[in-house]
$ cat protein.cif   # mmCIF, C-alpha atoms and all ligand atoms
data_target
loop_
_atom_site.label_atom_id
_atom_site.label_comp_id
_atom_site.auth_asym_id
_atom_site.auth_seq_id
_atom_site.Cartn_x
_atom_site.Cartn_y
_atom_site.Cartn_z
CA MET A 8 -30.35 -66.19 -36.07
CA VAL A 9 -32.30 -65.63 -32.88
CA ILE A 10 -29.82 -67.60 -30.85
CA GLU A 11 -27.01 -65.57 -32.39
CA ALA A 12 -28.57 -62.29 -31.31
CA PHE A 13 -29.00 -63.52 -27.75
CA ASP A 14 -25.45 -64.83 -27.71
CA ARG A 15 -24.12 -61.53 -28.97
CA VAL A 16 -25.82 -59.74 -26.08
CA LYS A 17 -24.17 -62.12 -23.63
CA GLU A 18 -20.84 -61.73 -25.34
CA LEU A 19 -20.96 -57.94 -25.11
CA GLN A 20 -22.08 -58.16 -21.50
CA THR A 21 -18.92 -60.10 -20.64
CA LEU A 22 -16.79 -57.72 -22.69
CA ILE A 23 -18.15 -54.66 -20.97
CA THR A 24 -17.66 -56.07 -17.51
CA SER A 25 -14.18 -57.32 -18.22
CA THR A 26 -12.79 -54.31 -20.11
CA GLU A 27 -10.02 -52.81 -18.08
CA ILE A 28 -10.06 -49.04 -17.90
CA ASN A 29 -7.05 -47.46 -16.23
CA ASN A 30 -6.94 -43.97 -17.56
CA LYS A 31 -8.76 -41.27 -19.50
CA GLU A 32 -7.63 -42.67 -22.87
CA ASP A 33 -8.99 -46.15 -22.07
CA LEU A 34 -12.22 -44.54 -20.94
CA GLU A 35 -12.56 -42.57 -24.17
CA ALA A 36 -11.97 -45.72 -26.23
CA PHE A 37 -14.65 -47.47 -24.15
CA ARG A 38 -17.06 -44.58 -24.69
CA ILE A 39 -16.58 -44.64 -28.45
CA GLU A 40 -16.97 -48.41 -28.56
CA TYR A 41 -20.12 -48.74 -26.44
CA LEU A 42 -21.72 -45.32 -26.24
CA GLY A 43 -20.50 -43.36 -29.28
CA THR A 44 -22.64 -42.62 -32.34
CA LYS A 45 -21.41 -45.77 -34.06
CA ASN A 46 -21.31 -47.97 -30.99
CA ILE A 47 -21.48 -51.72 -31.23
CA ILE A 48 -24.66 -52.06 -29.17
CA LYS A 49 -26.70 -50.13 -31.75
CA PRO A 50 -26.99 -53.00 -34.29
CA LEU A 51 -28.47 -55.13 -31.53
CA PHE A 52 -31.39 -52.71 -31.29
CA SER A 53 -32.14 -52.92 -35.00
CA ALA A 54 -31.83 -56.72 -34.85
CA ILE A 55 -35.06 -56.77 -32.80
CA ARG A 56 -37.07 -57.00 -36.01
CA ASN A 57 -35.66 -60.51 -36.58
CA ILE A 58 -36.68 -61.73 -33.15
CA PRO A 59 -39.93 -63.69 -32.99
CA ASN A 60 -42.70 -61.70 -31.38
CA GLU A 61 -42.95 -63.84 -28.27
CA ARG A 62 -39.30 -63.16 -27.40
CA LYS A 63 -39.14 -59.52 -28.53
CA LYS A 64 -39.88 -58.18 -25.04
CA GLU A 65 -37.26 -60.37 -23.37
CA TYR A 66 -34.72 -59.41 -26.02
CA GLY A 67 -35.47 -55.71 -25.80
CA GLN A 68 -35.01 -55.77 -22.04
CA LEU A 69 -31.66 -57.54 -22.39
CA VAL A 70 -30.33 -55.05 -24.93
CA ASN A 71 -31.51 -52.09 -22.81
CA ALA A 72 -29.82 -53.58 -19.77
CA LEU A 73 -26.66 -53.97 -21.84
CA LYS A 74 -26.70 -50.33 -22.80
CA GLN A 75 -27.31 -49.34 -19.19
CA LEU A 76 -24.42 -51.53 -18.08
CA ALA A 77 -22.08 -49.68 -20.43
CA GLU A 78 -23.40 -46.28 -19.31
CA GLU A 79 -23.03 -47.11 -15.63
CA LYS A 80 -19.53 -48.42 -16.06
CA PHE A 81 -18.59 -45.28 -17.94
CA ILE A 82 -19.95 -42.94 -15.24
CA GLU A 83 -18.46 -44.94 -12.41
CA ILE A 84 -14.98 -45.04 -13.88
CA ASP A 85 -15.12 -41.43 -14.99
CA GLN A 86 -15.83 -40.36 -11.41
CA LEU A 87 -13.15 -42.63 -10.10
CA LEU A 88 -10.52 -41.19 -12.44
CA ASN A 89 -11.54 -37.61 -11.61
CA ALA A 90 -11.29 -38.25 -7.90
CA LYS A 91 -7.90 -39.80 -8.39
CA ALA A 92 -6.66 -36.76 -10.33
CA ALA A 93 -7.93 -34.40 -7.62
CA ASN A 94 -6.22 -36.47 -4.99
CA GLN A 95 -2.95 -36.30 -6.82
CA VAL A 96 -3.00 -32.51 -6.77
CA GLU A 97 -3.38 -32.57 -3.03
CA GLN A 98 -0.57 -34.96 -2.50
CA VAL A 99 1.83 -32.49 -0.95
CA ASP A 100 4.48 -33.30 1.53
CA LEU A 101 3.25 -31.58 4.63
CA THR A 102 6.49 -32.25 6.44
CA ALA A 103 8.64 -30.43 3.87
CA PRO A 104 10.14 -27.20 5.27
CA ALA A 105 8.48 -24.03 3.96
CA GLU A 106 10.29 -21.83 1.50
CA ALA A 107 11.78 -18.88 3.30
CA LEU A 108 9.84 -15.65 2.80
CA GLU A 109 12.18 -12.83 2.08
CA LEU A 110 11.34 -9.93 4.35
CA GLY A 111 11.24 -6.52 2.81
CA SER A 112 12.50 -3.42 4.54
CA ARG A 113 10.82 -0.21 5.53
CA HIS A 114 11.54 2.81 3.42
CA PRO A 115 13.84 5.25 5.24
CA VAL A 116 11.22 7.97 4.90
CA SER A 117 8.66 5.72 6.62
CA LEU A 118 11.15 4.81 9.31
CA VAL A 119 11.81 8.43 10.14
CA LEU A 120 8.17 9.43 9.80
CA ASN A 121 7.08 6.66 12.18
CA GLN A 122 9.70 7.73 14.66
CA MET A 123 8.52 11.34 14.47
CA ILE A 124 4.92 10.30 15.01
CA GLU A 125 5.99 8.25 18.00
CA ILE A 126 8.02 11.06 19.56
CA PHE A 127 5.23 13.61 19.23
CA ASP A 128 2.68 11.07 20.38
CA ARG A 129 4.53 10.94 23.69
CA LEU A 130 3.95 14.69 23.99
CA GLY A 131 0.25 14.26 23.30
CA PHE A 132 0.17 15.32 19.64
CA ALA A 133 -2.54 13.58 17.62
CA ILE A 134 -2.28 13.00 13.87
CA ALA A 135 -4.25 15.19 11.47
CA GLU A 136 -4.45 14.54 7.75
CA ASP A 137 -6.06 16.38 4.89
CA ILE A 138 -6.24 16.75 1.13
CA GLU A 139 -3.23 17.11 -1.19
CA ILE A 140 -5.13 18.89 -3.96
CA GLU A 141 -5.73 22.00 -1.96
CA ASP A 142 -7.40 25.34 -2.51
CA ASP A 143 -5.54 28.59 -2.51
CA TRP A 144 -7.24 29.76 0.70
CA HIS A 145 -6.15 26.85 2.95
CA ASN A 146 -2.63 26.70 1.53
CA PHE A 147 -1.91 30.44 1.42
CA THR A 148 -4.55 33.03 2.26
CA ALA A 149 -5.64 31.64 5.63
CA LEU A 150 -1.97 31.40 6.54
CA ASN A 151 -1.49 35.10 6.14
CA THR A 152 -0.17 34.88 2.60
CA PRO A 153 -2.67 36.74 0.38
CA GLN A 154 -2.60 36.68 -3.39
CA ASP A 155 0.07 39.31 -4.04
CA HIS A 156 2.20 38.54 -1.00
CA PRO A 157 5.89 38.26 -1.89
CA ALA A 158 6.21 35.18 0.33
CA ARG A 159 4.29 33.20 -2.29
CA ASP A 160 7.44 33.30 -4.37
CA MET A 161 9.21 31.32 -1.66
CA GLN A 162 7.39 28.23 -2.82
CA ASP A 163 6.99 27.41 -6.47
CA THR A 164 3.50 26.14 -6.79
CA TYR A 165 1.88 23.60 -9.10
CA TYR A 166 -1.54 24.96 -10.02
CA ILE A 167 -4.30 22.77 -11.40
CA LEU A 168 -4.73 23.45 -15.10
CA ASN A 169 -7.36 26.10 -15.84
CA ASP A 170 -8.11 26.60 -12.16
CA PRO A 171 -5.85 29.18 -10.53
CA ARG A 172 -7.50 28.59 -7.17
CA ARG A 173 -6.65 24.91 -6.97
CA LEU A 174 -3.13 23.66 -6.38
CA LEU A 175 -1.03 20.83 -5.06
CA ARG A 176 -0.30 21.81 -1.48
CA THR A 177 3.18 23.26 -1.11
CA HIS A 178 3.38 22.51 2.60
CA THR A 179 1.45 20.59 5.24
CA SER A 180 0.80 23.93 6.96
CA SER A 181 -2.41 23.80 4.92
CA VAL A 182 -3.66 21.17 7.36
CA GLN A 183 -3.42 23.82 10.11
CA SER A 184 -6.12 25.84 8.39
CA HIS A 185 -8.44 22.83 8.14
CA VAL A 186 -7.90 21.81 11.75
CA MET A 187 -8.38 25.31 13.16
CA MET A 188 -11.54 25.77 11.12
CA THR A 189 -13.07 22.54 12.39
CA GLN A 190 -11.74 22.03 15.93
CA LYS A 191 -11.84 24.08 19.07
CA PRO A 192 -8.74 24.68 21.22
CA PRO A 193 -6.94 23.08 22.86
CA ILE A 194 -5.52 21.75 19.59
CA ARG A 195 -2.39 19.65 19.59
CA ILE A 196 -1.70 17.94 16.27
CA ILE A 197 1.01 16.96 13.89
CA ALA A 198 0.20 16.71 10.19
CA PRO A 199 2.43 14.33 8.26
CA GLY A 200 2.01 14.17 4.51
CA ARG A 201 3.23 14.67 0.98
CA VAL A 202 3.81 18.10 -0.51
CA TYR A 203 4.68 19.33 -3.99
CA ARG A 204 6.81 22.12 -5.39
CA ASN A 205 7.73 23.08 -8.88
CA GLU A 206 11.47 22.63 -8.36
CA THR A 207 14.16 21.36 -10.63
CA ILE A 208 15.07 17.90 -9.38
CA SER A 209 18.61 17.69 -8.07
CA ALA A 210 20.60 16.00 -5.31
CA ARG A 211 19.19 18.54 -2.85
CA ALA A 212 15.68 19.24 -4.12
CA HIS A 213 12.71 17.28 -5.41
CA CYS A 214 9.30 18.21 -6.75
CA GLN A 215 7.60 16.02 -4.17
CA PHE A 216 8.57 15.29 -0.60
CA HIS A 217 7.09 14.85 2.86
CA GLN A 218 6.63 17.25 5.71
CA VAL A 219 5.49 17.07 9.27
CA GLU A 220 3.66 20.13 10.50
CA GLY A 221 3.02 20.69 14.17
CA LEU A 222 0.40 22.91 15.78
CA TYR A 223 -0.40 23.59 19.41
CA ILE A 224 -3.10 26.05 20.34
CA ALA A 225 -4.40 26.60 23.84
CA GLU A 226 -4.54 29.29 26.48
CA LYS A 227 -1.21 30.86 27.41
CA VAL A 228 1.01 28.89 25.05
CA SER A 229 4.43 30.49 25.08
CA PHE A 230 7.63 30.54 23.10
CA ALA A 231 9.23 28.57 25.94
CA ASP A 232 6.72 25.75 25.27
CA LEU A 233 7.75 25.78 21.64
CA ARG A 234 11.42 25.67 22.47
CA GLN A 235 11.02 22.82 24.92
CA THR A 236 8.92 20.79 22.48
CA ILE A 237 11.49 21.18 19.72
CA TYR A 238 14.32 20.40 22.11
CA TYR A 239 12.62 17.20 23.20
CA PHE A 240 12.17 16.21 19.56
CA ALA A 241 15.82 16.94 18.68
CA LYS A 242 17.03 14.99 21.68
CA GLU A 243 14.87 11.95 20.85
CA MET A 244 15.48 12.03 17.11
CA PHE A 245 19.18 12.84 16.93
CA GLY A 246 20.37 12.41 20.49
CA ALA A 247 21.13 16.11 20.29
CA THR A 248 22.41 17.76 23.43
CA LYS A 249 21.53 21.30 22.41
CA ILE A 250 19.56 23.29 19.88
CA ARG A 251 19.70 26.89 18.82
CA MET A 252 17.00 29.14 17.42
CA ARG A 253 17.77 31.78 14.85
CA PRO A 254 15.30 34.58 14.01
CA SER A 255 13.64 33.99 10.69
CA PHE A 256 10.52 34.87 8.74
CA PHE A 257 7.39 32.90 7.87
CA PRO A 258 4.13 34.65 7.01
CA PHE A 259 2.09 32.53 9.40
CA THR A 260 4.24 32.89 12.52
CA GLU A 261 5.41 35.88 14.54
CA PRO A 262 8.04 35.73 15.82
CA SER A 263 9.52 33.03 13.60
CA ALA A 264 12.65 31.00 14.01
CA GLU A 265 14.77 28.39 12.34
CA VAL A 266 16.10 25.64 14.53
CA ASP A 267 19.55 24.06 14.33
CA VAL A 268 20.65 20.97 16.26
CA TRP A 269 24.14 20.55 17.57
CA TRP A 270 25.68 17.83 15.47
CA GLY A 271 29.29 18.14 16.48
CA CYS A 272 32.32 19.14 14.49
CA GLU A 273 34.93 16.49 15.11
CA THR A 274 35.21 14.23 12.09
CA GLU A 275 35.66 15.21 8.49
CA THR A 276 32.06 14.10 7.82
CA ASP A 277 30.76 16.32 10.64
CA LYS A 278 32.60 19.23 9.10
CA ARG A 279 31.30 18.44 5.63
CA ILE A 280 27.61 18.16 6.56
CA THR A 281 27.61 21.08 8.96
CA LYS A 282 29.72 23.22 6.65
CA GLY A 283 32.27 23.54 9.40
CA THR A 284 29.85 24.99 11.96
CA GLY A 285 28.79 21.88 13.86
CA TRP A 286 25.14 23.02 13.54
CA LEU A 287 22.46 21.52 11.32
CA GLU A 288 19.23 23.22 10.39
CA ILE A 289 16.23 20.94 10.94
CA LEU A 290 13.04 22.98 10.91
CA GLY A 291 11.12 26.25 10.84
CA CYS A 292 8.78 27.35 13.60
CA GLY A 293 7.21 30.24 15.46
CA MET A 294 4.24 31.56 17.40
CA VAL A 295 1.08 31.39 15.29
CA ASP A 296 0.37 34.88 13.95
CA PRO A 297 -2.83 36.27 15.52
CA ALA A 298 -4.06 37.10 12.01
CA VAL A 299 -4.00 33.37 11.18
CA LEU A 300 -6.05 32.60 14.27
CA VAL A 301 -8.60 35.25 13.26
CA ASN A 302 -8.75 33.89 9.68
CA CYS A 303 -9.61 30.47 11.06
CA GLY A 304 -12.16 31.62 13.62
CA ILE A 305 -10.08 31.40 16.79
CA ASP A 306 -10.02 34.26 19.29
CA PRO A 307 -6.43 35.55 19.58
CA GLU A 308 -7.30 37.36 22.82
CA LYS A 309 -8.01 34.07 24.48
CA TYR A 310 -5.70 31.65 22.69
CA SER A 311 -2.15 31.55 21.50
CA GLY A 312 -0.14 28.81 19.89
CA PHE A 313 2.98 27.66 18.21
CA ALA A 314 3.62 25.88 14.94
CA PHE A 315 6.54 24.16 13.31
CA GLY A 316 7.26 22.43 10.05
CA MET A 317 10.00 20.16 8.79
CA GLY A 318 10.94 18.05 5.80
CA VAL A 319 10.94 14.31 6.45
CA GLU A 320 13.41 13.56 3.66
CA ARG A 321 15.79 16.12 5.08
CA ILE A 322 15.67 14.51 8.51
CA ALA A 323 16.08 11.03 6.98
CA MET A 324 19.05 12.23 4.94
CA LEU A 325 20.71 13.67 8.02
CA LYS A 326 20.00 10.63 10.14
CA TYR A 327 21.17 8.07 7.59
CA GLN A 328 23.81 10.24 5.91
CA ILE A 329 22.15 10.06 2.51
CA ASP A 330 23.59 12.70 0.24
CA ASP A 331 21.16 12.59 -2.68
CA ILE A 332 17.41 13.07 -2.15
CA ARG A 333 16.66 11.33 -5.46
CA LEU A 334 17.67 8.01 -3.91
CA LEU A 335 14.58 8.29 -1.74
CA PHE A 336 12.27 8.26 -4.73
CA GLU A 337 13.89 5.76 -7.07
CA ASN A 338 12.97 2.58 -5.19
CA ASP A 339 16.23 0.91 -6.06
CA VAL A 340 16.20 -2.24 -3.90
CA ARG A 341 19.99 -2.19 -3.55
CA PHE A 342 19.59 1.10 -1.73
CA LEU A 343 16.46 0.16 0.22
CA LYS A 344 17.86 -3.19 1.42
CA GLN A 345 20.37 -1.32 3.55
CA PHE A 346 17.59 -0.29 5.91
CA LYS A 347 16.61 -3.86 6.70
CA LYS A 348 18.14 -4.03 10.14
CA THR A 349 16.55 -0.83 11.26
CA ALA A 350 13.07 -1.95 10.29
CA VAL A 351 10.52 -1.73 13.09
CA PHE A 352 7.37 -3.80 12.82
N1 LIG A 401 5.54 25.64 5.94
C1 LIG A 401 6.94 25.90 6.02
C2 LIG A 401 7.63 25.36 4.78
O1 LIG A 401 7.04 24.74 4.01
C3 LIG A 401 7.52 25.23 7.23
C4 LIG A 401 7.09 25.90 8.46
C5 LIG A 401 7.81 26.93 9.00
C6 LIG A 401 5.92 25.53 9.08
C7 LIG A 401 7.42 27.57 10.15
C8 LIG A 401 5.50 26.17 10.24
C9 LIG A 401 6.28 27.22 10.77
O2 LIG A 401 4.39 25.84 10.87
O3 LIG A 401 5.88 27.80 11.90
O4 LIG A 401 8.78 25.58 4.61
#

$ encode --input "protein.cif" --output "structure tokens" --more "lines below"
Ligand code: DAH
Amino acid sequence: MVIEAFDRVKELQTLITSTEINNKEDLEAFRIEYLGTKNIIKPLFSAIRNIPNERKKEYGQLVNALKQLAEEKFIEIDQLLNAKAANQVEQVDLTAPAEALELGSRHPVSLVLNQMIEIFDRLGFAIAEDIEIEDDWHNFTALNTPQDHPARDMQDTYYILNDPRRLLRTHTSSVQSHVMMTQKPPIRIIAPGRVYRNETISARAHCQFHQVEGLYIAEKVSFADLRQTIYYFAKEMFGATKIRMRPSFFPFTEPSAEVDVWWGCETETDKRITKGTGWLEILGCGMVDPAVLVNCGIDPEKYSGFAFGMGVERIAMLKYQIDDIRLLFENDVRFLKQFKKTAVF
């Protein structure tokens, strides 16, 4: 009986050391066999009552060592298998060629906008930005367009619900008011940004689009400065050889003008886009009305300035011969992919 118990310990010792464990399943089987709730070492502990007292201690130590042997083997192999699994994940072929990353393309509006920013940067115009949810004063009143002014009808405005004094800016001219209120002349900025108008969406009009506003205020700024600035822009942007200025009206400028660039009238396309005239309208401009300067705290006796404003989508459509403004807002990749080659990074 006693001998049997000792032999059994030895037998299990050999078994534990010799059991081959190659994977998680083997390890689980081992755990159940030697460490589970019904493991085969357990009966050896209860068998201690049959061992004569003088050998009880020796026996107890052997059985404890047996249990420890099983536990250690389990831990060791568990760690080994885990490390192996982790290693497998990292076994990547570092020499394999990388998958090609497909480059996107810049949106035509961004392309044109970046080009505009670059052109005016060369003339020393800094960028000014401001809020799109604007108040009535900055968008209209400061710009010489008080509440009941008929010119307000020129731009259909989105007002914020239940707040007739808050609106989505209808033009980036609103940035002029902010800049003049917070900076001292000389001021030379362009204000690119998104604007909103309550228009029916069609091939020619959208309820949101982008504008670039320009403002130059200093001592003795003249209409000639305005003309030269616009001419430089037209030349750089379109390669235009000449521009013409037609008298126009804007509440915030006096005198005001609309500018056409000479496009040419040779091909059928030229004739179609210029309606047979060879001229294309690109922007509105004028000398800042002294009343606007006064509204924004600038002395009109000392300073004068010019301003201009243009639609970025319009310029992009002319430049890339896009005949439907909606294409610029749909994000159809088949359309956008065409601008890949022109992308500047
Ligand atoms: N704000 C005008 C618009 O939305 C564009 C414009 C015209 C801006 C003449 C100007 C300007 O600064 O002088 O149509």

$ residues_near_ligand --input "protein.cif" --ligand "ligand LIG 401 (chain A)" --cutoff "10 Å" --atoms "all atoms listed in the file" --output "CSV table (one decimal) with C-alpha atoms, in the coordinates of the input"
chain,number,residue,atom,x,y,z
A,146,ASN,CA,-2.6,26.7,1.5
A,147,PHE,CA,-1.9,30.4,1.4
A,150,LEU,CA,-2.0,31.4,6.5
A,161,MET,CA,9.2,31.3,-1.7
A,162,GLN,CA,7.4,28.2,-2.8
A,176,ARG,CA,-0.3,21.8,-1.5
A,177,THR,CA,3.2,23.3,-1.1
A,178,HIS,CA,3.4,22.5,2.6
A,179,THR,CA,1.4,20.6,5.2
A,180,SER,CA,0.8,23.9,7.0
A,181,SER,CA,-2.4,23.8,4.9
A,182,VAL,CA,-3.7,21.2,7.4
A,183,GLN,CA,-3.4,23.8,10.1
A,197,ILE,CA,1.0,17.0,13.9
A,202,VAL,CA,3.8,18.1,-0.5
A,203,TYR,CA,4.7,19.3,-4.0
A,204,ARG,CA,6.8,22.1,-5.4
A,217,HIS,CA,7.1,14.8,2.9
A,218,GLN,CA,6.6,17.2,5.7
A,219,VAL,CA,5.5,17.1,9.3
A,220,GLU,CA,3.7,20.1,10.5
A,221,GLY,CA,3.0,20.7,14.2
A,222,LEU,CA,0.4,22.9,15.8
A,255,SER,CA,13.6,34.0,10.7
A,256,PHE,CA,10.5,34.9,8.7
A,257,PHE,CA,7.4,32.9,7.9
A,258,PRO,CA,4.1,34.6,7.0
A,259,PHE,CA,2.1,32.5,9.4
A,260,THR,CA,4.2,32.9,12.5
A,261,GLU,CA,5.4,35.9,14.5
A,262,PRO,CA,8.0,35.7,15.8
A,263,SER,CA,9.5,33.0,13.6
A,264,ALA,CA,12.6,31.0,14.0
A,265,GLU,CA,14.8,28.4,12.3
A,266,VAL,CA,16.1,25.6,14.5
A,290,LEU,CA,13.0,23.0,10.9
A,291,GLY,CA,11.1,26.2,10.8
A,292,CYS,CA,8.8,27.4,13.6
A,293,GLY,CA,7.2,30.2,15.5
A,294,MET,CA,4.2,31.6,17.4
A,295,VAL,CA,1.1,31.4,15.3
A,296,ASP,CA,0.4,34.9,14.0
A,313,PHE,CA,3.0,27.7,18.2
A,314,ALA,CA,3.6,25.9,14.9
A,315,PHE,CA,6.5,24.2,13.3
A,316,GLY,CA,7.3,22.4,10.0
A,317,MET,CA,10.0,20.2,8.8
A,318,GLY,CA,10.9,18.0,5.8

$ closest_residue --input "protein.cif" --among "A:Ile237, A:Cys303, A:His114, A:Lys80" --to "Thr148 of chain A" --atoms "only C-alpha atoms"
A:Cys303

$ residues_around --input "protein.cif" --residues "segment 36-52 of chain A" --least-positions-apart "6" --cutoff "12 Å" --atoms "only C-alpha atoms" --output "NGL selection string"
:A and (9 or 11-20 or 22-30 or 58 or 63-64 or 66-82 or 84-85)

$ atom_distance --input "protein.cif" --atom1 "atom CA of Gly312 of chain A" --atom2 "atom CA of Ser229 of chain A"
7.1 Å

$ closest_residue --input "protein.cif" --among "A:Ala323, A:Leu120, A:Ile138, A:Ile196" --to "Leu174 of chain A" --atoms "all atoms listed in the file"
A:Ile138

$ atom_distance --input "protein.cif" --atom1 "atom CA of Pro297 of chain A" --atom2 "atom CA of Gln190 of chain A"
16.8 Å

$ residues_near_point --input "protein.cif" --point "(22.1, 19.1, 17.9)" --cutoff "6 Å" --atoms "only C-alpha atoms" --output "JSON, numbers by chain"
{"A": [247, 248, 249, 250, 268, 269, 270]}

$ closest_residue --input "protein.cif" --among "A:Leu335, A:Met188, A:Leu110, A:Leu233" --to "Val301 of chain A" --atoms "all atoms listed in the file"
A:Met188
